[in-house]
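Novice: Questions regarding the structure given below will be posed in turn.
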Amino acid sequence: MAAEKPERGYVTIDDEECKGCGLCVESCVPKLLRLGDALNRSGYHAATYAGRGCTGCGLCFLVCPEPGAIRVYKRLQAA
Ligand code: SF4
Ligand code: SF4
């Protein structure tokens, strides 16, 4: 069986920094982000990541108005 291809990227979201504006959700072409059901301490529905499929494109990071709410990690190409 062929080995699964490694993920190109992934994101982490700080629930308490997120203001639930949804801009990252709209920006993600593969639709991997959504607003969660739970409220954070400030009363916002923080964004959540599906957990797989991120390309590391960085669009969600670029549109996010909250510093530190979302981070994108991109896998470096093997030499
Ligand atoms: S980096 Fe790109 S593919 Fe990954 S979650 Fe953000 S918008 Fe979606
Ligand atoms: S763009 Fe930033 S503040 Fe808005 S929902 Fe996404 S992570 Fe939260």
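Residues in the structure tokens are named by chain (A, B, ... in the order shown) and by number from 1 within that chain; ligands are numbered from 1 in the order shown.
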Counting only C-alpha atoms and all ligand atoms, which protein, DNA or RNA residues come within 8 Å of ligand 1, given as a short mmCIF file (atom, residue, chain, number, x, y, z; two decimals) with C-alpha atoms, in the first residue's frame?

Specialist:
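result.cif was written with the following content:
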```cif
data_model
loop_
_atom_site.label_atom_id
_atom_site.label_comp_id
_atom_site.auth_asym_id
_atom_site.auth_seq_id
_atom_site.Cartn_x
_atom_site.Cartn_y
_atom_site.Cartn_z
CA GLY A 9 0.49 22.58 6.22
CA TYR A 10 -1.68 22.95 9.27
CA VAL A 11 -3.14 25.70 11.39
CA CYS A 24 -10.82 32.94 7.89
CA VAL A 25 -13.74 30.59 7.25
CA SER A 27 -11.02 32.70 2.91
CA CYS A 28 -10.22 28.99 3.07
CA VAL A 29 -10.63 27.58 -0.45
CA PRO A 30 -10.74 23.90 0.64
CA LYS A 31 -13.30 24.85 3.36
CA LEU A 32 -11.34 23.48 6.29
CA LEU A 33 -12.33 26.11 8.84
CA TYR A 49 -9.76 23.57 11.91
CA GLY A 53 -6.01 19.03 4.26
CA CYS A 54 -4.42 22.44 4.88
CA THR A 55 -2.24 23.56 1.96
CA GLY A 56 -0.39 26.15 4.03
CA CYS A 57 -1.56 28.90 1.67
CA GLY A 58 -1.75 31.41 4.53
CA LEU A 59 -4.93 33.18 3.40
CA CYS A 60 -6.67 32.63 6.72
CA PHE A 61 -3.73 34.22 8.53
CA VAL A 72 -0.23 28.71 9.77
CA TYR A 73 2.58 26.17 9.54
#
```

Novice: As a count of residues only, please: every residue in chain A that DSSP puts in helix (DSSP H, G or I).

Specialist: 10

Novice: Could you list, as an MDAnalysis selection string, all residues that come within 10 Å of ligand 2? Count only C-alpha atoms and all ligand atoms.

Specialist: chainID A and resid 11:27 33:36 44:49 59:71

Novice: Quick one: distance from atom CA of Ala50 of chain A to atom CA of Gln77 of chain A in Å, one decimal?

Specialist: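 Pair atom CA of Ala50 of chain A / atom CA of Gln77 of chain A returns 23.0 Å.
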
Novice: Using DSSP on the backbone coordinates, identify the residues of chain A assigned to strand (DSSP E); present them as a PyMOL selection string.

Specialist: chain A and resi 9-13+33-39+45-49+70-74
